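Note: the block below is query-v4.cif and it holds mmCIF, C-alpha atoms and all ligand atoms.
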```cif
data_final
loop_
_atom_site.label_atom_id
_atom_site.label_comp_id
_atom_site.auth_asym_id
_atom_site.auth_seq_id
_atom_site.Cartn_x
_atom_site.Cartn_y
_atom_site.Cartn_z
CA MET A 1036 10.12 12.52 -0.20
CA LYS A 1037 6.88 11.23 1.32
CA ALA A 1038 7.41 9.48 4.66
CA LEU A 1039 5.30 8.26 7.57
CA VAL A 1040 6.66 10.22 10.53
CA PHE A 1041 6.03 9.72 14.25
CA ARG A 1042 6.54 12.90 16.31
CA HIS A 1043 6.75 12.35 20.05
CA SER A 1044 4.77 14.99 21.94
CA LEU A 1045 3.01 14.34 25.24
CA ALA A 1046 0.32 16.92 24.40
CA ARG A 1047 -0.47 15.38 21.00
CA GLU A 1048 -0.40 11.88 22.45
CA ALA A 1049 -2.75 12.78 25.31
CA ALA A 1050 -5.20 14.56 22.97
CA THR A 1051 -5.10 11.69 20.50
CA ALA A 1052 -5.68 9.10 23.21
CA ILE A 1053 -8.76 11.00 24.39
CA GLY A 1054 -10.01 11.29 20.79
CA GLY A 1055 -9.32 7.60 20.38
CA LEU A 1056 -11.91 6.82 23.04
CA VAL A 1057 -14.51 8.23 20.64
CA SER A 1058 -13.14 6.93 17.32
CA PRO A 1059 -10.02 5.04 16.26
CA ARG A 1060 -9.72 7.55 13.42
CA ALA A 1061 -8.25 9.94 16.01
CA TYR A 1062 -5.02 7.95 15.87
CA VAL A 1063 -4.64 8.65 12.17
CA SER A 1064 -6.07 12.19 12.16
CA ARG A 1065 -3.86 15.16 11.34
CA PHE A 1066 -3.59 15.97 15.06
CA ALA A 1067 -2.15 12.55 15.88
CA PRO A 1068 1.58 11.96 16.48
CA THR A 1069 1.81 9.94 13.23
CA GLY A 1070 1.38 11.50 9.81
CA LEU A 1071 2.46 11.31 6.18
CA GLU A 1072 4.83 14.21 5.56
CA ASP A 1073 6.99 15.61 2.83
CA VAL A 1074 10.39 15.43 4.48
CA ALA A 1075 13.89 16.27 3.32
CA GLU A 1076 15.86 13.10 2.82
CA PRO A 1077 18.32 12.75 5.72
CA PRO A 1078 21.97 12.64 4.59
CA LEU A 1079 23.64 9.21 4.64
CA PRO A 1080 24.99 8.78 8.21
CA ALA A 1081 28.34 7.48 6.88
CA PRO A 1082 30.01 6.85 3.49
CA ASP A 1083 29.43 3.08 3.77
CA TRP A 1084 25.65 3.57 3.87
CA VAL A 1085 23.55 3.33 0.70
CA GLY A 1086 20.25 4.79 -0.42
CA VAL A 1087 17.41 2.42 -1.25
CA GLN A 1088 14.25 3.07 -3.29
CA THR A 1089 11.46 1.38 -1.33
CA THR A 1090 9.42 -1.18 -3.28
CA LEU A 1091 7.28 -2.62 -0.46
CA SER A 1092 7.16 -2.17 3.29
CA GLY A 1093 5.36 -4.40 5.76
CA VAL A 1094 3.12 -2.95 8.46
CA CYS A 1095 4.32 -4.62 11.66
CA GLY A 1096 2.14 -5.18 14.70
CA SER A 1097 4.57 -2.93 16.56
CA ASP A 1098 3.96 -0.10 14.05
CA VAL A 1099 0.23 -0.39 14.62
CA LYS A 1100 0.65 -0.44 18.42
CA GLN A 1101 2.84 2.66 18.24
CA ILE A 1102 0.42 4.56 15.97
CA LEU A 1103 -2.48 3.58 18.27
CA LEU A 1104 -0.41 4.70 21.28
CA ASN A 1105 -0.83 1.23 22.70
CA GLY A 1106 2.64 1.07 24.27
CA ALA A 1107 3.17 1.53 27.98
CA ARG A 1108 4.79 4.79 29.10
CA ASP A 1109 7.06 2.77 31.40
CA ASN A 1110 8.37 0.59 28.56
CA PRO A 1111 12.14 0.17 29.21
CA LEU A 1112 12.85 0.32 25.48
CA THR A 1113 12.04 4.04 25.41
CA ALA A 1114 15.72 4.32 26.46
CA LEU A 1115 16.68 3.03 23.02
CA VAL A 1116 14.49 5.10 20.70
CA SER A 1117 15.00 8.59 19.23
CA PHE A 1118 12.39 11.03 17.90
CA PRO A 1119 11.00 12.10 15.53
CA HIS A 1120 11.44 9.09 13.31
CA VAL A 1121 10.12 7.60 10.08
CA LEU A 1122 8.39 4.31 10.86
CA GLY A 1123 8.95 1.01 9.05
CA HIS A 1124 11.47 -1.79 9.45
CA GLU A 1125 10.18 -4.54 7.12
CA ALA A 1126 11.31 -3.58 3.63
CA VAL A 1127 12.23 -4.55 0.13
CA GLY A 1128 13.73 -2.05 -2.29
CA ARG A 1129 16.29 -1.29 -4.95
CA ARG A 1130 19.78 -0.06 -4.10
CA ALA A 1131 20.35 3.38 -5.57
CA ASP A 1132 24.00 2.54 -6.41
CA THR A 1133 23.72 -0.91 -8.04
CA GLY A 1134 20.00 -1.25 -8.79
CA ASP A 1135 19.98 -4.63 -6.98
CA ARG A 1136 16.77 -5.80 -5.32
CA VAL A 1137 17.46 -6.03 -1.59
CA VAL A 1138 15.77 -6.92 1.66
CA LEU A 1139 16.54 -4.94 4.80
CA ASN A 1140 18.00 -6.32 8.02
CA PRO A 1141 16.85 -3.36 10.15
CA TRP A 1142 19.07 -3.88 13.25
CA LEU A 1143 21.24 -0.84 14.02
CA SER A 1144 23.94 -2.74 15.90
CA CYS A 1145 27.70 -2.04 15.98
CA ILE A 1146 28.65 -2.23 12.30
CA PRO A 1147 25.94 0.13 10.93
CA ARG A 1148 26.97 2.51 13.75
CA GLY A 1149 30.61 2.53 12.62
CA ILE A 1150 31.83 0.81 15.80
CA ASP A 1151 35.00 -1.15 15.14
CA PRO A 1152 35.77 -3.64 16.59
CA PRO A 1153 32.14 -4.64 17.17
CA CYS A 1154 31.00 -5.72 20.64
CA GLN A 1155 31.17 -9.40 21.65
CA ALA A 1156 27.49 -9.95 20.83
CA CYS A 1157 27.83 -8.52 17.31
CA GLN A 1158 31.02 -10.50 16.71
CA SER A 1159 29.03 -13.67 17.31
CA GLY A 1160 26.11 -12.50 15.13
CA ARG A 1161 23.74 -11.93 18.08
CA TYR A 1162 22.80 -8.43 16.89
CA PRO A 1163 19.78 -8.00 19.21
CA TRP A 1164 22.19 -8.41 22.17
CA CYS A 1165 24.36 -5.50 20.95
CA ARG A 1166 25.62 -3.28 23.75
CA ASN A 1167 25.99 -0.19 21.58
CA PHE A 1168 22.43 0.81 20.67
CA ARG A 1169 23.23 4.27 22.11
CA ALA A 1170 26.75 4.66 20.69
CA GLY A 1171 28.55 5.39 17.42
CA HIS A 1172 27.36 7.81 14.75
CA LEU A 1173 23.62 7.24 15.29
CA PRO A 1174 21.30 8.42 18.08
CA PRO A 1175 19.70 5.82 20.40
CA SER A 1176 17.76 3.29 18.31
CA ILE A 1177 17.41 -0.45 17.98
CA HIS A 1178 16.53 -0.68 14.33
CA LEU A 1179 15.49 1.42 11.37
CA GLY A 1180 11.99 2.64 12.07
CA ASN A 1181 12.85 4.05 15.51
CA CYS A 1182 15.92 6.12 14.68
CA ALA A 1183 15.85 9.92 14.28
CA ALA A 1184 18.92 10.03 12.01
CA ALA A 1185 17.96 7.43 9.41
CA ALA A 1186 14.53 7.09 7.81
CA GLY A 1187 12.54 3.90 8.26
CA ALA A 1188 10.96 2.09 5.35
CA HIS A 1189 7.43 3.56 5.31
CA ALA A 1190 8.85 6.16 2.93
CA GLU A 1191 9.69 6.51 -0.73
CA ARG A 1192 13.35 6.03 0.14
CA PHE A 1193 15.41 4.90 3.11
CA SER A 1194 19.08 4.25 3.68
CA ALA A 1195 21.01 1.49 5.41
CA HIS A 1196 24.55 0.31 5.99
CA ALA A 1197 25.62 -1.94 3.10
CA SER A 1198 25.88 -4.89 5.51
CA GLN A 1199 22.16 -4.54 6.33
CA LEU A 1200 21.08 -5.19 2.74
CA PHE A 1201 20.75 -8.74 1.43
CA ALA A 1202 20.49 -9.13 -2.34
CA ILE A 1203 17.31 -11.05 -3.18
CA PRO A 1204 18.05 -14.12 -5.30
CA GLY A 1205 16.37 -14.11 -8.71
CA GLY A 1206 13.11 -16.03 -8.69
CA ILE A 1207 12.11 -14.80 -5.22
CA PRO A 1208 9.31 -12.25 -5.63
CA ASP A 1209 9.29 -9.00 -3.64
CA GLU A 1210 6.13 -10.18 -1.84
CA ALA A 1211 7.95 -13.20 -0.42
CA ALA A 1212 11.11 -11.22 0.42
CA VAL A 1213 9.26 -8.50 2.33
CA LEU A 1214 8.25 -11.12 4.91
CA ALA A 1215 11.92 -11.75 5.82
CA ASP A 1216 11.81 -9.77 9.08
CA PRO A 1217 8.81 -11.47 10.75
CA VAL A 1218 9.90 -14.88 9.39
CA SER A 1219 13.34 -14.31 10.95
CA VAL A 1220 11.74 -13.47 14.31
CA SER A 1221 9.82 -16.74 14.22
CA LEU A 1222 12.88 -18.68 13.08
CA ARG A 1223 14.85 -17.36 16.06
CA SER A 1224 12.05 -18.36 18.47
CA ILE A 1225 12.19 -21.92 17.08
CA VAL A 1226 16.01 -22.04 17.19
CA LEU A 1227 15.83 -21.10 20.89
CA ALA A 1228 13.67 -24.14 21.70
CA PRO A 1229 13.47 -26.56 18.79
CA PRO A 1230 10.92 -29.37 19.19
CA ALA A 1231 12.44 -32.78 19.88
CA ALA A 1232 11.46 -35.68 17.62
CA GLY A 1233 7.98 -36.96 18.34
CA GLN A 1234 7.02 -33.97 20.49
CA ILE A 1235 4.01 -31.73 20.01
CA ALA A 1236 4.56 -28.02 19.38
CA LEU A 1237 1.77 -25.51 19.79
CA VAL A 1238 1.77 -22.11 18.07
CA TYR A 1239 -0.41 -19.47 19.70
CA GLY A 1240 -1.65 -16.57 17.60
CA SER A 1241 -3.32 -15.45 14.38
CA GLY A 1242 -0.78 -13.06 12.90
CA THR A 1243 2.24 -13.23 10.61
CA LEU A 1244 4.57 -14.50 13.36
CA ALA A 1245 2.22 -17.39 14.12
CA PHE A 1246 1.76 -18.44 10.49
CA ALA A 1247 5.51 -18.16 9.90
CA ALA A 1248 6.20 -20.34 12.96
CA ILE A 1249 3.75 -23.00 11.74
CA ALA A 1250 5.24 -23.11 8.25
CA LEU A 1251 8.84 -23.10 9.57
CA LEU A 1252 8.15 -25.93 12.02
CA ARG A 1253 6.62 -28.03 9.25
CA HIS A 1254 9.50 -27.18 6.90
CA LEU A 1255 12.31 -27.85 9.38
CA TYR A 1256 10.84 -30.58 11.60
CA PRO A 1257 8.62 -32.78 9.43
CA GLY A 1258 8.33 -35.33 12.27
CA THR A 1259 6.82 -32.80 14.68
CA GLU A 1260 3.10 -32.55 15.31
CA VAL A 1261 2.18 -28.85 15.02
CA TRP A 1262 -0.99 -27.50 16.59
CA ALA A 1263 -2.26 -23.97 16.06
CA ALA A 1264 -4.26 -22.07 18.67
CA THR A 1265 -5.96 -19.56 16.46
CA ARG A 1266 -9.20 -17.80 15.61
CA PRO A 1267 -11.81 -19.90 13.83
CA GLY A 1268 -12.70 -19.31 10.18
CA ALA A 1269 -10.19 -17.90 7.71
CA ARG A 1270 -7.33 -17.91 10.27
CA ALA A 1271 -7.84 -21.57 11.12
CA ALA A 1272 -8.03 -22.37 7.40
CA LEU A 1273 -4.77 -20.51 6.78
CA ALA A 1274 -3.06 -22.34 9.67
CA THR A 1275 -4.13 -25.64 8.13
CA ARG A 1276 -3.06 -24.55 4.66
CA LEU A 1277 0.41 -23.71 6.01
CA GLY A 1278 0.71 -27.14 7.58
CA ALA A 1279 -0.81 -27.17 11.07
CA HIS A 1280 -2.04 -30.67 11.94
CA ALA A 1281 -4.78 -29.22 14.12
CA ALA A 1282 -6.40 -25.79 14.34
CA LEU A 1283 -7.59 -25.39 17.92
CA PRO A 1284 -9.61 -22.52 19.44
CA SER A 1285 -7.61 -19.70 21.05
CA ALA A 1286 -10.09 -19.10 23.90
CA PRO A 1287 -8.27 -20.28 27.06
CA ASP A 1288 -10.66 -22.81 28.63
CA GLU A 1289 -11.67 -24.31 25.28
CA LEU A 1290 -8.04 -24.59 24.24
CA VAL A 1291 -6.99 -26.37 27.44
CA ALA A 1292 -9.97 -28.74 27.13
CA GLN A 1293 -9.15 -29.58 23.50
CA VAL A 1294 -5.46 -30.13 24.23
CA ALA A 1295 -6.42 -32.43 27.14
CA GLY A 1296 -8.79 -34.37 24.90
CA ARG A 1297 -6.22 -34.85 22.15
CA ILE A 1298 -3.48 -35.91 24.54
CA GLY A 1299 -5.79 -38.07 26.62
CA ALA A 1300 -4.81 -36.17 29.77
CA THR A 1301 -7.18 -35.63 32.68
CA PRO A 1302 -7.36 -31.91 33.48
CA LEU A 1303 -6.68 -30.78 37.04
CA VAL A 1304 -9.54 -28.62 38.33
CA PRO A 1305 -8.55 -25.88 40.78
CA TRP A 1306 -10.87 -23.58 42.79
CA SER A 1307 -10.69 -21.02 39.97
CA ASN A 1308 -12.03 -23.66 37.52
CA ARG A 1309 -9.21 -22.78 35.17
CA ASP A 1310 -8.23 -26.35 34.41
CA TRP A 1311 -4.59 -27.14 33.84
CA LEU A 1312 -2.53 -30.08 32.64
CA GLN A 1313 0.62 -31.88 33.66
CA ASP A 1314 0.97 -33.36 30.19
CA GLY A 1315 0.59 -31.24 27.07
CA PRO A 1316 2.73 -29.81 24.27
CA ALA A 1317 6.46 -29.79 25.10
CA VAL A 1318 6.86 -26.34 23.63
CA VAL A 1319 4.54 -23.41 22.99
CA TYR A 1320 5.48 -20.54 20.66
CA ASP A 1321 3.36 -17.65 21.89
CA THR A 1322 3.34 -15.01 19.17
CA ILE A 1323 0.90 -12.77 21.07
CA GLY A 1324 2.52 -12.42 24.50
CA SER A 1325 -0.58 -11.18 26.34
CA THR A 1326 -1.27 -12.12 29.94
CA GLN A 1327 -4.04 -14.37 28.65
CA THR A 1328 -1.86 -16.30 26.19
CA VAL A 1329 1.07 -16.58 28.61
CA GLU A 1330 -1.17 -17.78 31.44
CA THR A 1331 -2.94 -20.28 29.16
CA SER A 1332 0.36 -21.57 27.80
CA LEU A 1333 1.60 -22.24 31.34
CA ARG A 1334 -1.63 -24.12 32.05
CA LEU A 1335 -1.32 -26.46 29.08
CA LEU A 1336 2.44 -27.00 28.72
CA ALA A 1337 3.86 -30.41 29.59
CA THR A 1338 5.80 -30.58 32.84
CA GLY A 1339 9.37 -29.47 32.07
CA GLY A 1340 8.19 -27.75 28.89
CA THR A 1341 9.25 -24.47 27.31
CA LEU A 1342 7.34 -21.32 26.43
CA VAL A 1343 8.89 -18.98 23.87
CA ILE A 1344 7.22 -15.57 23.82
CA SER A 1345 7.80 -13.59 20.63
CA GLY A 1346 4.69 -11.40 20.89
CA VAL A 1347 4.94 -7.88 22.28
CA GLU A 1348 2.20 -6.76 24.67
CA PRO A 1349 2.30 -4.50 27.73
CA PRO A 1350 2.76 -6.62 30.89
CA LYS A 1351 0.02 -7.27 33.43
CA ARG A 1352 -0.47 -9.55 36.38
CA PHE A 1353 -1.16 -13.20 35.58
CA GLU A 1354 -1.35 -16.55 37.37
CA TRP A 1355 2.11 -18.11 37.14
CA THR A 1356 2.03 -20.90 39.69
CA PRO A 1357 2.46 -23.64 37.03
CA LEU A 1358 5.76 -21.96 36.12
CA TYR A 1359 7.50 -23.27 39.24
CA PHE A 1360 5.32 -26.30 39.83
CA LYS A 1361 5.98 -27.74 36.38
CA GLU A 1362 9.56 -26.33 36.22
CA LEU A 1363 8.72 -24.59 32.95
CA ARG A 1364 11.18 -22.52 30.99
CA VAL A 1365 10.09 -19.13 29.63
CA ILE A 1366 12.17 -17.47 26.94
CA GLY A 1367 11.45 -14.09 25.40
CA SER A 1368 12.65 -13.29 21.90
CA ASN A 1369 11.77 -10.76 19.22
CA GLY A 1370 14.94 -10.39 17.19
CA PHE A 1371 17.38 -12.35 15.06
CA GLY A 1372 20.89 -12.50 13.71
CA ILE A 1373 23.19 -15.30 12.62
CA GLU A 1374 21.18 -18.46 13.40
CA GLU A 1375 22.26 -22.08 13.35
CA VAL A 1376 19.71 -24.29 11.58
CA HIS A 1377 20.47 -28.00 11.19
CA GLY A 1378 24.19 -27.27 11.70
CA VAL A 1379 24.38 -24.38 9.21
CA ALA A 1380 25.07 -20.89 10.62
CA LYS A 1381 24.02 -17.92 8.52
CA HIS A 1382 21.83 -14.86 8.81
CA ALA A 1383 18.16 -15.68 9.44
CA MET A 1384 17.17 -13.84 6.25
CA GLU A 1385 19.59 -15.93 4.20
CA HIS A 1386 18.09 -19.08 5.73
CA TYR A 1387 14.69 -17.79 4.67
CA PHE A 1388 15.84 -17.43 1.05
CA ASP A 1389 17.06 -21.07 1.17
CA PHE A 1390 13.72 -22.23 2.59
CA ILE A 1391 11.86 -20.45 -0.24
CA ALA A 1392 14.10 -22.19 -2.78
CA ASP A 1393 13.12 -25.47 -1.05
CA GLY A 1394 9.41 -24.71 -1.44
CA LEU A 1395 8.40 -22.64 1.61
CA ASP A 1396 5.69 -20.17 0.59
CA LEU A 1397 4.35 -17.73 3.15
CA THR A 1398 2.84 -15.24 0.72
CA PRO A 1399 -0.73 -16.42 1.55
CA VAL A 1400 -0.38 -14.33 4.76
CA ILE A 1401 -0.43 -11.14 2.66
CA THR A 1402 -4.06 -9.99 2.78
CA HIS A 1403 -3.92 -6.25 2.05
CA ARG A 1404 -1.81 -3.86 0.03
CA PHE A 1405 -2.16 -0.06 -0.05
CA PRO A 1406 -0.25 2.84 -1.61
CA LEU A 1407 1.70 4.79 1.03
CA ALA A 1408 -0.74 7.71 0.62
CA ARG A 1409 -3.50 5.42 1.96
CA TRP A 1410 -1.54 4.51 5.13
CA ARG A 1411 -4.56 5.35 7.29
CA GLU A 1412 -6.61 2.57 5.71
CA ALA A 1413 -3.66 0.21 6.09
CA VAL A 1414 -3.38 0.93 9.82
CA LEU A 1415 -7.12 0.65 10.41
CA ALA A 1416 -7.30 -2.61 8.42
CA ALA A 1417 -4.56 -4.08 10.61
CA LYS A 1418 -6.16 -2.72 13.77
CA ASP A 1419 -9.57 -4.22 12.94
CA ALA A 1420 -8.08 -7.56 11.88
CA ARG A 1421 -11.04 -9.47 13.29
CA ARG A 1422 -13.39 -7.63 10.92
CA THR A 1423 -11.10 -7.13 7.91
CA GLY A 1424 -9.32 -10.49 8.06
CA ALA A 1425 -5.97 -8.69 7.84
CA VAL A 1426 -2.85 -10.70 8.52
CA LYS A 1427 0.05 -8.98 6.75
CA VAL A 1428 -0.70 -5.53 5.40
CA LEU A 1429 1.79 -4.05 2.93
CA LEU A 1430 2.46 -0.48 1.92
CA ASP A 1431 3.53 0.25 -1.61
CA PRO A 1432 5.49 3.53 -1.59
CA ALA A 1433 6.15 3.34 -5.33
CA ARG A 1434 2.46 3.66 -6.20
ZN ZN A 1501 8.25 -6.15 12.68
ZN ZN A 1502 27.26 -4.64 19.04
#
```

Would you write out, as structure tokens, the structure that this file holds?
Amino acid sequence: MKALVFRHSLAREAATAIGGLVSPRAYVSRFAPTGLEDVAEPPLPAPDWVGVQTTLSGVCGSDVKQILLNGARDNPLTALVSFPHVLGHEAVGRRADTGDRVVLNPWLSCIPRGIDPPCQACQSGRYPWCRNFRAGHLPPSIHLGNCAAAAGAHAERFSAHASQLFAIPGGIPDEAAVLADPVSVSLRSIVLAPPAAGQIALVYGSGTLAFAAIALLRHLYPGTEVWAATRPGARAALATRLGAHAALPSAPDELVAQVAGRIGATPLVPWSNRDWLQDGPAVVYDTIGSTQTVETSLRLLATGGTLVISGVEPPKRFEWTPLYFKELRVIGSNGFGIEEVHGVAKHAMEHYFDFIADGLDLTPVITHRFPLARWREAVLAAKDARRTGAVKVLLDPAR
């Protein structure tokens, strides 16, 4: 079958990174660590796994960062990845055994690994806290898409433990279902710090996680004022279309000034001239997680406020004095499991299906769709999002 494979090799990665200085096409050239290959289908890891024919797979920001070799060599999560692997963890497909349309929960926690009884975290549905990502009948891996023994979803077929596959209710199109993974990440970030009635929530970012957070906040907390810090133009229009009350600029100083103006707060002006506020949004959902967005969020958060970082960027130094001065809370999160929403506990993806039935529609975030064979264009479209306007890019392995 055709599959998008990442082969870890320091020599290839070094050569590609040097080529990448000249042209980004180096990252998708045939000398790069990532390539479309004809691979033998790996055997099912256990009898309770099932094969799935891929219908659509979503290109995640983390896929693009990996293909562009944008991850840090000292990333602690390299302890929980095995190579080579087929990329892709956002997927919709058809079960080979029943023909059902399913969406993939990619987490390779205790149960898919055949570990019985599951660890405490898995027993409570907190799959990203699983203690067994190196144990059981799979090599080290966190989810499908970084596991050497089970193919990820950027392939004509993948396999998963039966418990990882949620049947898609009739009436929900594949295009809506394939967004279940990023929507679940944003749902978890909101569950970790839900806005209180009458508070302002700010969503930082211009990607799928940001638009999902905006739409979820509007869907779940109609009394909350939701502001988007996003790029002007089509992104700002999309934020507004999905329910943001205000689309503010994402540039740090402009953003702080506009938040101050809207709140009626007088900015504090330090020697650095990077103004900051003591009153601002009570919660910021930062879907980028760069030093710039984290630092800016700390500047504009209300005293006692909370920053939830769901974005994944390599760490760098930043100015964090407001963190202690304003007694801010910072929570990191980029996973999901059983989540409690308005008193109902179920898997985040099952919540998402309910929200769709209640009218939530995130499909406007889908901007591009390519056959798997044209994966290079898909990656470059996502990479050059400023130019191409890409938000969610899909691959279509069936075409
Ligand atoms: Zn993802
Ligand atoms: Zn576990």

As a quick test: using all atoms listed in the file, which residues lie no more than 7 Å away from ligand ZN 1501 (chain A)? Give them as a PDB file with C-alpha atoms, in the coordinates of the input.
```
ATOM      1  CA  CYS A1095       4.320  -4.620  11.660  1.00  0.00           C
ATOM      2  CA  GLY A1096       2.140  -5.180  14.700  1.00  0.00           C
ATOM      3  CA  SER A1097       4.570  -2.930  16.560  1.00  0.00           C
ATOM      4  CA  HIS A1124      11.470  -1.790   9.450  1.00  0.00           C
ATOM      5  CA  GLU A1125      10.180  -4.540   7.120  1.00  0.00           C
ATOM      6  CA  ASP A1216      11.810  -9.770   9.080  1.00  0.00           C
ATOM      7  CA  PRO A1217       8.810 -11.470  10.750  1.00  0.00           C
TER       8      PRO A1217
END
```

TODO: Could you give me the residues within 12 Å of ligand ZN 1502 (chain A), counting all atoms listed in the file, as a PyMOL selection string?
DONE: chain A and resi 1142-1171+1177+1372

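Distances here use only C-alpha atoms; by that measure, the residue among A:Glu1260, A:Ala1269, A:Val1304, A:Ile1344 closest to A:Thr1423 is A:Ala1269.
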
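From atom CA of A:Ala1274 back to atom CA of A:Glu1375, the distance works out to 25.6 Å.
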
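For the atom pair formed by atom CA of A:Asp1321 and atom CA of A:Pro1111, the distance is 21.2 Å, given to one decimal.
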
Open item on the list: Using only C-alpha atoms, which protein or nucleic acid residues come within 12 Å of stretch 1064-1071 of chain A? Drop anything in the same chain fewer than 3 positions from it, and give the result as a PyMOL selection string.
Closed with: chain A and resi 1036-1055+1058-1061+1074+1098-1104+1118-1122+1189-1191+1406-1412+1414-1415+1432

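Taking atom CA of A:Ile1207 as the reference point, atom CA of A:Ala1263 is found at 27.3 Å.
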
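Shortest atom-to-atom contact with A:Ser1325 among A:Val1261, A:Thr1338, A:Pro1302, A:Pro1349: A:Pro1349, counting all atoms listed in the file.
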
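Among the candidates A:Pro1399, A:Gly1315, A:Gly1123, A:Pro1077, the one nearest to A:Ala1272 when counting all atoms listed in the file is A:Pro1399.
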
Open item on the list: I want to know what sits within 12 Å of A:Ile1323, based on all atoms listed in the file, with residues of the same chain fewer than 5 positions away left out; could you give that as a PyMOL selection string?
Closed with: chain A and resi 1096-1097+1221+1238-1245+1264-1265+1285+1328-1332+1342-1350+1367-1369

Task: Surrounding residues of A:Leu1430 excluding itself and chain neighbours under 4 positions, 7 Å, all atoms listed in the file, as a ChimeraX atom specification - done: /A:1091-1093,1404-1407

Open item on the list: Could you list, as a list in words, every residue within 9 Å of A:Leu1283, counting only C-alpha atoms and ignoring same-chain residues fewer than 4 positions away?
Closed with: Trp1262, Ala1263, Ala1264, Thr1265, Arg1266, Pro1267, Ala1271, Glu1289, Leu1290, Gln1293 and Val1294 of chain A

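Restricting the calculation to all atoms listed in the file, the smallest distance between A:Leu1358 and any of A:Phe1390, A:Trp1311, A:Phe1371, A:Phe1246 is found for A:Trp1311.
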
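Distances from A:Asp1419, A:Asp1288, A:Glu1385, A:Asp1073 to A:Ile1373 were compared using only C-alpha atoms, and the smallest one belongs to A:Glu1385.
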
Please put the answer as JSON: centre and edge lengths, in Å with one decimal, of a box along x, y and z that encloses all listed atoms of stretch 1193-1200 of chain A plus 3 Å on each side.
```
{"center_x": 20.6, "center_y": -0.1, "center_z": 4.5, "size_x": 16.5, "size_y": 16.1, "size_z": 9.6}
```

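Look at A:Val1138: the protein and nucleic acid residues within 8 Å of it, using all atoms listed in the file and passing over chain neighbours fewer than 5 places away, are Ala1126, Val1127, Gly1128, Leu1200, Phe1201, Ala1202, Ile1203, Ala1212, Val1213 and Ala1215 of chain A.
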
Residues from last step as file, C-alpha atoms, as a PDB file, in the coordinates of the input:
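Saved file again.pdb follows:
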```
ATOM      1  CA  ALA A1126      11.310  -3.580   3.630  1.00  0.00           C
ATOM      2  CA  VAL A1127      12.230  -4.550   0.130  1.00  0.00           C
ATOM      3  CA  GLY A1128      13.730  -2.050  -2.290  1.00  0.00           C
ATOM      4  CA  LEU A1200      21.080  -5.190   2.740  1.00  0.00           C
ATOM      5  CA  PHE A1201      20.750  -8.740   1.430  1.00  0.00           C
ATOM      6  CA  ALA A1202      20.490  -9.130  -2.340  1.00  0.00           C
ATOM      7  CA  ILE A1203      17.310 -11.050  -3.180  1.00  0.00           C
ATOM      8  CA  ALA A1212      11.110 -11.220   0.420  1.00  0.00           C
ATOM      9  CA  VAL A1213       9.260  -8.500   2.330  1.00  0.00           C
ATOM     10  CA  ALA A1215      11.920 -11.750   5.820  1.00  0.00           C
TER      11      ALA A1215
END
```

Give me, as a tab-separated table, each residue of stretch 1141-1189 of chain A that comes within 8 Å of stretch 1078-1081 of chain A, together with its shortest interatomic pair and the distance in Å at one decimal, counting all atoms listed in the file, with rows ordered by chain and rising residue number.
```
residue	atom	partner	partner_atom	distance
A:Gly1149	CA	A:Ala1081	CA	7.9
A:His1172	CA	A:Pro1080	CA	7.0
A:Leu1173	CA	A:Pro1080	CA	7.4
A:Ala1184	CA	A:Pro1080	CA	7.3
A:Ala1185	CA	A:Pro1080	CA	7.3
```

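Closest approach to A:Ala1188 among A:Leu1277, A:Val1087, A:Ala1392, A:Leu1335 is made by A:Val1087 (distances from only C-alpha atoms).
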
Will you model N, CA and C atoms for stretch 1206-1214 of chain A and pass it back as a PDB file, in the coordinates of the input?
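Just written: rebuild.pdb:
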```
ATOM      1  N   GLY A1206      14.128 -14.993  -8.883  1.00  0.00           N
ATOM      2  CA  GLY A1206      13.110 -16.030  -8.690  1.00  0.00           C
ATOM      3  C   GLY A1206      12.334 -15.856  -7.405  1.00  0.00           C
ATOM      4  N   ILE A1207      12.862 -15.059  -6.453  1.00  0.00           N
ATOM      5  CA  ILE A1207      12.110 -14.800  -5.220  1.00  0.00           C
ATOM      6  C   ILE A1207      11.384 -13.471  -5.397  1.00  0.00           C
ATOM      7  N   PRO A1208      10.038 -13.500  -5.412  1.00  0.00           N
ATOM      8  CA  PRO A1208       9.310 -12.250  -5.630  1.00  0.00           C
ATOM      9  C   PRO A1208       9.436 -11.296  -4.439  1.00  0.00           C
ATOM     10  N   ASP A1209       9.236 -10.004  -4.708  1.00  0.00           N
ATOM     11  CA  ASP A1209       9.290  -9.000  -3.640  1.00  0.00           C
ATOM     12  C   ASP A1209       8.328  -9.344  -2.503  1.00  0.00           C
ATOM     13  N   GLU A1210       7.151  -9.884  -2.862  1.00  0.00           N
ATOM     14  CA  GLU A1210       6.130 -10.180  -1.840  1.00  0.00           C
ATOM     15  C   GLU A1210       6.607 -11.251  -0.860  1.00  0.00           C
ATOM     16  N   ALA A1211       7.404 -12.191  -1.331  1.00  0.00           N
ATOM     17  CA  ALA A1211       7.950 -13.200  -0.420  1.00  0.00           C
ATOM     18  C   ALA A1211       9.086 -12.588   0.394  1.00  0.00           C
ATOM     19  N   ALA A1212       9.940 -11.784  -0.260  1.00  0.00           N
ATOM     20  CA  ALA A1212      11.110 -11.220   0.420  1.00  0.00           C
ATOM     21  C   ALA A1212      10.712 -10.251   1.529  1.00  0.00           C
ATOM     22  N   VAL A1213       9.617  -9.520   1.340  1.00  0.00           N
ATOM     23  CA  VAL A1213       9.260  -8.500   2.330  1.00  0.00           C
ATOM     24  C   VAL A1213       8.839  -9.117   3.667  1.00  0.00           C
ATOM     25  N   LEU A1214       8.604 -10.429   3.665  1.00  0.00           N
ATOM     26  CA  LEU A1214       8.250 -11.120   4.910  1.00  0.00           C
ATOM     27  C   LEU A1214       9.484 -11.561   5.693  1.00  0.00           C
TER      28      LEU A1214
END
```
